[in-house]
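What follows is upload_20.cif (mmCIF, C-alpha atoms and all ligand atoms).
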data_data
loop_
_atom_site.label_atom_id
_atom_site.label_comp_id
_atom_site.auth_asym_id
_atom_site.auth_seq_id
_atom_site.Cartn_x
_atom_site.Cartn_y
_atom_site.Cartn_z
CA MET A 1 0.00 0.00 0.00
CA ARG A 2 1.09 3.52 -0.82
CA VAL A 3 0.17 6.29 1.63
CA ASP A 4 0.78 9.99 0.94
CA ILE A 5 0.20 12.50 3.71
CA VAL A 6 0.04 16.23 2.90
CA THR A 7 0.53 18.52 5.90
CA ILE A 8 2.21 21.75 7.01
CA PHE A 9 3.91 19.65 9.74
CA PRO A 10 5.62 16.82 7.80
CA THR A 11 8.11 16.06 10.60
CA PHE A 12 5.14 15.11 12.77
CA PHE A 13 5.10 11.84 10.82
CA ASP A 14 8.79 10.99 11.41
CA VAL A 15 7.51 8.70 14.17
CA LEU A 16 6.27 6.32 11.47
CA ASP A 17 9.93 5.35 10.91
CA ILE A 18 9.98 3.36 14.16
CA SER A 19 8.20 0.21 15.41
CA LEU A 20 6.07 -2.07 13.22
CA ILE A 21 5.23 0.59 10.71
CA GLY A 22 8.93 1.36 10.35
CA LYS A 23 9.71 -2.31 9.70
CA ALA A 24 6.88 -2.58 7.17
CA ARG A 25 8.19 0.49 5.38
CA GLY A 26 11.65 -1.10 5.26
CA SER A 27 10.24 -4.33 3.86
CA GLY A 28 8.38 -2.53 1.09
CA LEU A 29 4.94 -3.58 2.39
CA LEU A 30 4.12 0.05 3.08
CA ASP A 31 5.23 3.07 1.11
CA ILE A 32 4.36 5.99 3.42
CA ARG A 33 5.50 9.52 2.58
CA ALA A 34 4.77 12.84 4.28
CA HIS A 35 4.79 15.97 2.10
CA ASP A 36 5.00 19.64 3.09
CA LEU A 37 2.04 21.54 1.62
CA ARG A 38 4.23 24.65 1.49
CA ASP A 39 6.32 22.98 -1.23
CA TRP A 40 3.38 23.85 -3.51
CA THR A 41 3.33 27.56 -2.63
CA HIS A 42 5.16 30.18 -4.69
CA ASP A 43 5.16 33.34 -2.62
CA ARG A 44 7.98 34.49 -0.35
CA HIS A 45 6.02 33.68 2.80
CA ARG A 46 4.87 30.28 1.50
CA THR A 47 1.28 31.26 2.35
CA VAL A 48 -1.26 28.45 2.86
CA ASP A 49 -4.17 30.22 4.57
CA ASP A 50 -6.29 33.35 4.39
CA THR A 51 -9.33 34.96 6.05
CA PRO A 52 -12.74 33.30 5.59
CA TYR A 53 -15.28 34.71 3.11
CA GLY A 54 -18.35 35.66 5.08
CA GLY A 55 -16.23 36.67 8.04
CA GLY A 56 -15.78 34.80 11.30
CA ALA A 57 -12.81 33.85 13.43
CA GLY A 58 -9.83 31.83 12.28
CA MET A 59 -8.29 31.19 8.89
CA VAL A 60 -9.14 28.88 6.02
CA MET A 61 -6.59 26.94 3.97
CA LYS A 62 -6.27 28.34 0.44
CA PRO A 63 -7.33 26.05 -2.46
CA GLU A 64 -4.37 26.72 -4.79
CA PRO A 65 -1.58 24.93 -2.86
CA TRP A 66 -3.91 21.99 -2.20
CA GLY A 67 -4.83 21.77 -5.86
CA GLU A 68 -1.19 21.64 -6.94
CA ALA A 69 -0.26 19.14 -4.22
CA LEU A 70 -3.17 16.78 -4.88
CA ASP A 71 -2.74 17.01 -8.67
CA ALA A 72 0.86 15.88 -8.09
CA LEU A 73 0.06 13.01 -5.70
CA LEU A 74 -3.35 11.53 -6.53
CA THR A 75 -3.55 8.48 -8.78
CA PRO A 76 -6.86 7.41 -10.34
CA GLU A 77 -7.35 4.59 -7.82
CA ALA A 78 -6.40 6.68 -4.76
CA VAL A 79 -8.87 7.37 -1.95
CA LEU A 80 -8.55 10.98 -0.75
CA ILE A 81 -9.08 11.06 3.01
CA VAL A 82 -9.71 14.42 4.66
CA PRO A 83 -9.67 14.27 8.47
CA SER A 84 -12.46 16.55 9.61
CA PRO A 85 -14.73 17.03 12.62
CA ALA A 86 -17.55 17.12 10.04
CA GLY A 87 -16.68 13.64 8.79
CA GLU A 88 -18.02 10.13 9.29
CA VAL A 89 -16.66 8.58 12.49
CA PHE A 90 -13.70 6.24 11.97
CA THR A 91 -14.39 2.65 13.09
CA GLN A 92 -12.68 -0.73 12.81
CA PRO A 93 -14.86 -1.59 9.77
CA THR A 94 -13.62 1.66 8.16
CA ALA A 95 -10.02 0.61 8.91
CA ARG A 96 -10.63 -2.80 7.38
CA GLU A 97 -12.22 -1.30 4.28
CA LEU A 98 -9.32 1.13 3.77
CA SER A 99 -6.70 -1.59 4.36
CA ALA A 100 -7.81 -3.20 1.09
CA GLU A 101 -6.99 -0.06 -0.93
CA ALA A 102 -3.81 0.34 -3.01
CA HIS A 103 -3.33 4.08 -2.43
CA LEU A 104 -4.49 6.46 0.30
CA VAL A 105 -3.85 10.22 0.25
CA PHE A 106 -4.44 12.11 3.51
CA ALA A 107 -5.08 15.88 3.29
CA CYS A 108 -4.35 17.19 6.79
CA GLY A 109 -6.06 20.52 7.35
CA ARG A 110 -5.28 23.09 10.02
CA TYR A 111 -7.05 26.22 11.17
CA GLU A 112 -10.76 26.17 10.28
CA GLY A 113 -10.21 23.65 7.52
CA ILE A 114 -9.60 23.51 3.79
CA ASP A 115 -11.55 25.61 1.22
CA GLN A 116 -14.61 23.46 0.38
CA ARG A 117 -13.95 23.78 -3.33
CA VAL A 118 -10.93 21.47 -2.97
CA ILE A 119 -13.14 18.65 -1.65
CA ASP A 120 -15.84 19.35 -4.26
CA HIS A 121 -13.29 19.46 -7.10
CA TYR A 122 -11.68 16.09 -6.35
CA ALA A 123 -15.01 14.42 -5.55
CA GLN A 124 -15.71 14.69 -9.30
CA SER A 125 -12.77 12.39 -10.14
CA HIS A 126 -11.88 10.46 -6.98
CA ARG A 127 -13.37 8.75 -3.95
CA VAL A 128 -13.18 11.41 -1.23
CA ARG A 129 -13.96 10.64 2.42
CA LEU A 130 -14.20 13.14 5.27
CA ILE A 131 -13.40 11.17 8.44
CA SER A 132 -13.41 12.16 12.11
CA LEU A 133 -11.79 10.22 14.94
CA GLY A 134 -14.75 10.92 17.16
CA ASP A 135 -16.99 13.54 18.70
CA TYR A 136 -14.32 16.00 19.79
CA VAL A 137 -12.16 18.47 17.90
CA LEU A 138 -8.40 18.47 17.38
CA ASN A 139 -6.32 21.41 16.16
CA GLY A 140 -5.63 19.76 12.84
CA GLY A 141 -5.88 16.59 10.85
CA GLU A 142 -2.39 15.22 11.66
CA VAL A 143 -3.25 13.31 14.85
CA ALA A 144 -6.33 11.85 13.16
CA ALA A 145 -4.28 10.84 10.10
CA MET A 146 -1.65 9.21 12.31
CA ALA A 147 -4.29 7.16 14.13
CA MET A 148 -5.89 6.08 10.86
CA VAL A 149 -2.54 5.17 9.27
CA GLU A 150 -1.72 2.92 12.23
CA ALA A 151 -5.19 1.33 12.39
CA VAL A 152 -5.16 0.64 8.64
CA SER A 153 -1.51 -0.38 8.23
CA ARG A 154 -1.60 -3.00 10.96
CA LEU A 155 -4.36 -4.85 9.06
CA ILE A 156 -2.17 -5.27 5.97
CA PRO A 157 -0.91 -8.89 5.82
CA GLY A 158 2.72 -9.06 6.96
CA VAL A 159 2.77 -5.76 8.85
CA VAL A 160 1.88 -7.32 12.21
CA GLY A 161 3.97 -10.48 12.86
CA ASN A 162 1.22 -12.82 14.02
CA PRO A 163 -2.06 -12.36 12.08
CA ALA A 164 -3.87 -14.45 14.72
CA SER A 165 -3.27 -11.59 17.17
CA LEU A 166 -5.47 -9.38 14.98
CA VAL A 167 -8.50 -11.58 15.50
CA GLU A 168 -9.07 -11.57 19.27
CA GLU A 169 -9.02 -7.83 19.72
CA SER A 170 -11.50 -5.25 20.82
CA HIS A 171 -13.87 -4.34 18.00
CA GLU A 172 -12.66 -7.12 15.69
CA ASP A 173 -15.62 -9.33 16.64
CA GLY A 174 -17.71 -6.26 17.42
CA LEU A 175 -17.20 -6.63 21.18
CA LEU A 176 -14.61 -5.36 23.67
CA GLU A 177 -11.80 -7.83 24.30
CA TYR A 178 -11.58 -9.99 27.42
CA PRO A 179 -9.02 -9.18 30.18
CA SER A 180 -5.53 -10.68 29.74
CA TYR A 181 -3.08 -12.12 32.29
CA THR A 182 0.51 -13.38 32.30
CA LYS A 183 3.04 -14.69 34.86
CA PRO A 184 3.35 -14.60 37.82
CA ALA A 185 0.23 -16.60 38.82
CA GLN A 186 0.02 -14.53 42.04
CA TRP A 187 0.77 -10.80 42.21
CA ARG A 188 0.19 -8.59 45.25
CA GLY A 189 -2.26 -11.13 46.62
CA GLU A 190 -4.22 -11.30 43.35
CA ASP A 191 -4.56 -14.64 41.57
CA VAL A 192 -4.96 -15.24 37.84
CA PRO A 193 -8.50 -16.64 37.21
CA PRO A 194 -8.05 -20.42 37.76
CA VAL A 195 -9.84 -21.38 34.51
CA LEU A 196 -6.92 -19.84 32.58
CA LEU A 197 -4.52 -22.26 34.27
CA SER A 198 -6.83 -25.27 33.75
CA GLY A 199 -5.71 -26.24 30.24
CA ASN A 200 -9.41 -26.75 29.43
CA HIS A 201 -9.53 -24.83 26.13
CA GLY A 202 -13.30 -25.05 25.80
CA ALA A 203 -13.84 -23.61 29.28
CA ILE A 204 -11.20 -20.92 28.61
CA ALA A 205 -12.89 -19.89 25.33
CA GLN A 206 -16.27 -19.73 27.08
CA TRP A 207 -14.83 -17.72 30.00
CA ARG A 208 -13.27 -15.24 27.55
CA ARG A 209 -16.52 -14.89 25.60
CA ASP A 210 -18.41 -14.27 28.85
CA ARG A 211 -15.89 -11.63 29.96
CA SER A 212 -16.12 -9.90 26.54
CA LEU A 213 -19.91 -9.74 26.71
CA GLU A 214 -19.86 -8.62 30.36
CA ARG A 215 -17.34 -5.84 29.64
CA THR A 216 -19.21 -4.71 26.52
CA GLU A 217 -22.52 -4.57 28.38
CA ARG A 218 -20.90 -2.48 31.12
CA VAL A 219 -18.77 -0.10 29.02
CA ARG A 220 -20.24 -0.06 25.49
CA PRO A 221 -23.81 -1.45 25.44
CA ASP A 222 -24.21 0.30 22.06
CA LEU A 223 -21.91 -2.36 20.55
CA LEU A 224 -24.05 -5.31 21.65
CA PRO A 225 -25.45 -7.25 18.65
CA GLU A 226 -29.08 -6.60 19.64
CA ALA A 227 -28.42 -2.85 20.21
CA PRO A 228 -30.17 -0.64 17.61
CA GLY A 229 -27.72 0.22 14.83
CA ALA A 230 -25.07 -2.23 16.09
C1 LIG A 301 -11.67 14.07 16.32
O1 LIG A 301 -11.21 15.23 15.60
C2 LIG A 301 -10.85 15.04 14.31
O2 LIG A 301 -10.87 13.96 13.76
C3 LIG A 301 -10.39 16.26 13.62
C4 LIG A 301 -9.88 16.34 12.34
C5 LIG A 301 -9.60 17.70 12.13
C6 LIG A 301 -9.08 18.54 11.09
C7 LIG A 301 -9.02 19.85 11.48
C8 LIG A 301 -8.51 21.01 10.65
O3 LIG A 301 -9.52 21.87 10.36
S1 LIG A 301 -9.62 20.09 13.08
C9 LIG A 301 -9.95 18.37 13.28
N1 LIG A 301 -10.44 17.51 14.21
#
Take the structure in the file and write it out as structure tokens.
Amino acid sequence: MRVDIVTIFPTFFDVLDISLIGKARGSGLLDIRAHDLRDWTHDRHRTVDDTPYGGGAGMVMKPEPWGEALDALLTPEAVLIVPSPAGEVFTQPTARELSAEAHLVFACGRYEGIDQRVIDHYAQSHRVRLISLGDYVLNGGEVAAMAMVEAVSRLIPGVVGNPASLVEESHEDGLLEYPSYTKPAQWRGEDVPPVLLSGNHGAIAQWRRDRSLERTERVRPDLLPEAPGA
């Protein structure tokens, strides 16, 4: 998968050079590149924003630099992802969907956002998705893009060492994951649940399923299968 990220803070994404994503980049599984939007400006101050038409506080990102940047980076099959508080909420199904794509381009806005005409222009020729991390607002799209890049990349075969570890996770089966334990069997007077030491794999699977359902009912009843819209 190729991932292009356009931002006025390209060094923010240097962190992608470490850990699993870093290894996957090295192995050629992932081709992730961050680009400085200001490389597509031509004035002395490398201007990327201006005051909003209609007035109001804050600044809006100018369409011209974005047009030149996206013309240079988009391929016909690319999905253009614009992190935005006005977007659909990012979920594990969204991550899974995007992990099947060949090319993602993230347009990270700052300030009050990107001139709407940029989104409208590329929607005529590409799949464009406005995506929010959740019901709160960040100062820009970079943190959202970083979260989405990690959530999507780790689903690409070969990026995470053991694919089996992707299955029993929160949200993979639609429920929150069961609690996990490791050695020592006793710690500060607390024992590991005996069933986990029993070697009875059927009982262990049932116990884990029960704990998943119990936790989901307590913390996220909206995720339960019978919940409306689940
Ligand atoms: C949960 O918040 C987000 O996903 C989010 C994405 C963006 C993009 C911004 C630039 O206008 S502000 C913001 N918040």
Glu112 of chain A environment, 7 Å, all atoms listed in the file, sequence neighbours closer than 2 positions dropped, as a PDB file with C-alpha atoms, in the frame of the given file:
ATOM      1  CA  GLY A  58      -9.830  31.830  12.280  1.00  0.00           C
ATOM      2  CA  MET A  59      -8.290  31.190   8.890  1.00  0.00           C
ATOM      3  CA  VAL A  60      -9.140  28.880   6.020  1.00  0.00           C
ATOM      4  CA  ARG A 110      -5.280  23.090  10.020  1.00  0.00           C
TER       5      ARG A 110
END
Self-check item: Non-local contacts of Leu74 of chain A (9 Å; only C-alpha atoms; under 3 positions in same chain excluded) as an MDAnalysis selection string
Solution: chainID A and resid 4 69:71 77:80 103:105 126
Practice problem: Please measure the separation of atom CA of Ala205 of chain A and atom CA of Asp191 of chain A, giving the value in Å to one decimal. | Solution: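 Result for atom CA of Ala205 of chain A versus atom CA of Asp191 of chain A: 19.0 Å, one decimal.
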Contact check, chain A to ligand LIG 301 (chain A), at most 9 Å, counting only C-alpha atoms and all ligand atoms, closest pairs as CSV:
residue,atom,partner,partner_atom,distance
A:Val60,CA,A:LIG301,O3,8.3
A:Met61,CA,A:LIG301,O3,8.7
A:Val82,CA,A:LIG301,C6,7.7
A:Pro83,CA,A:LIG301,C4,4.4
A:Ser84,CA,A:LIG301,C4,3.8
A:Pro85,CA,A:LIG301,C3,4.5
A:Ala86,CA,A:LIG301,C4,8.0
A:Gly87,CA,A:LIG301,O2,7.7
A:Val89,CA,A:LIG301,O2,8.0
A:Phe90,CA,A:LIG301,O2,8.4
A:Cys108,CA,A:LIG301,C6,6.5
A:Gly109,CA,A:LIG301,C8,4.1
A:Arg110,CA,A:LIG301,C8,3.9
A:Tyr111,CA,A:LIG301,O3,5.1
A:Glu112,CA,A:LIG301,O3,4.5
A:Gly113,CA,A:LIG301,O3,3.4
A:Ile114,CA,A:LIG301,O3,6.8
A:Leu130,CA,A:LIG301,C4,8.9
A:Ile131,CA,A:LIG301,O2,6.5
A:Ser132,CA,A:LIG301,O2,3.5
A:Leu133,CA,A:LIG301,O2,4.0
A:Gly134,CA,A:LIG301,C1,4.5
A:Asp135,CA,A:LIG301,C1,5.9
A:Tyr136,CA,A:LIG301,C1,4.8
A:Val137,CA,A:LIG301,O1,4.1
A:Leu138,CA,A:LIG301,N1,3.9
A:Asn139,CA,A:LIG301,S1,4.7
A:Gly140,CA,A:LIG301,C7,3.7
A:Gly141,CA,A:LIG301,C6,3.8
A:Glu142,CA,A:LIG301,C6,7.5
A:Val143,CA,A:LIG301,C4,7.7
A:Ala144,CA,A:LIG301,O2,5.0
A:Ala145,CA,A:LIG301,O2,8.2
Exercise. For atom CA of Leu176 of chain A and atom CA of Arg220 of chain A, quote the distance in Å rounded to one decimal.
Key: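 Here the two named atoms are 7.9 Å from each other.
Shortest separation to His171 of chain A among A:Ile32, A:Thr216, A:Gly56, A:Tyr122 occurs at residue A:Thr216, atoms counted being only C-alpha atoms.
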Quiz item: Pick the closest to Ala147 of chain A from A:Ala72, A:Met1, A:Ala95, A:Leu223: which is it, counting only C-alpha atoms?
Solution: A:Ala95
Self-check item: Gap from atom CA of Ile8 of chain A to atom CA of Gln116 of chain A - Å, one decimal
Solution: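 Separation of atom CA of Ile8 of chain A and atom CA of Gln116 of chain A: 18.2 Å.
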Practice problem: Name the closest residue to Arg154 of chain A among the candidates A:Ile21, A:Ala107, A:Val15, A:Ala203; distances are taken between atoms, counting all atoms listed in the file. | Solution: A:Ile21
Quiz item: For Val3 of chain A, which residue out of A:Ser19, A:Thr182, A:Thr75, A:Thr41 is the nearest one, using all atoms listed in the file?
Solution: A:Thr75
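With only C-alpha atoms as the atoms that count, the minimum distance from Gly26 of chain A to the choices A:Val159, A:Leu98, A:Ile119, A:Val149 is reached by A:Val159.
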Quiz item: For Ala102 of chain A, which residue among A:Leu155, A:Ala123, A:Ala57, A:Leu30 is the nearest when counting only C-alpha atoms?
Solution: A:Leu30
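Non-sequential neighbours of Ala34 of chain A (distance at most 10 Å, separation of 2 or more positions within a chain, all atoms listed in the file) are Val3, Asp4, Ile5, Val6, Thr7, Ile8, Phe9, Pro10, Thr11, Phe12, Phe13, Asp14, Leu16, Ile32, Asp36, Leu37, Val105 and Phe106 of chain A.
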Provide an axis-aligned box for all listed atoms of segment 155-161 of chain A, padding each side by 5 Å; report its centre and its edge lengths in Å to one decimal, as AutoDock Vina command-line options.
--center_x -0.2 --center_y -7.7 --center_z 9.3 --size_x 18.3 --size_y 15.6 --size_z 17.0
Practice problem: Write out as a ChimeraX atom specification which residues come within 9 Å of Trp207 of chain A when counting all atoms listed in the file, dropping same-chain ones fewer than 3 positions away. | Solution: /A:178,195-196,202-204,210-212
Can you write just those residues out, C-alpha atoms, as a PDB file, in the frame of the given file?
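Dumped everything to result.pdb:
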ATOM      1  CA  TYR A 178     -11.580  -9.990  27.420  1.00  0.00           C
ATOM      2  CA  VAL A 195      -9.840 -21.380  34.510  1.00  0.00           C
ATOM      3  CA  LEU A 196      -6.920 -19.840  32.580  1.00  0.00           C
ATOM      4  CA  GLY A 202     -13.300 -25.050  25.800  1.00  0.00           C
ATOM      5  CA  ALA A 203     -13.840 -23.610  29.280  1.00  0.00           C
ATOM      6  CA  ILE A 204     -11.200 -20.920  28.610  1.00  0.00           C
ATOM      7  CA  ASP A 210     -18.410 -14.270  28.850  1.00  0.00           C
ATOM      8  CA  ARG A 211     -15.890 -11.630  29.960  1.00  0.00           C
ATOM      9  CA  SER A 212     -16.120  -9.900  26.540  1.00  0.00           C
TER      10      SER A 212
END
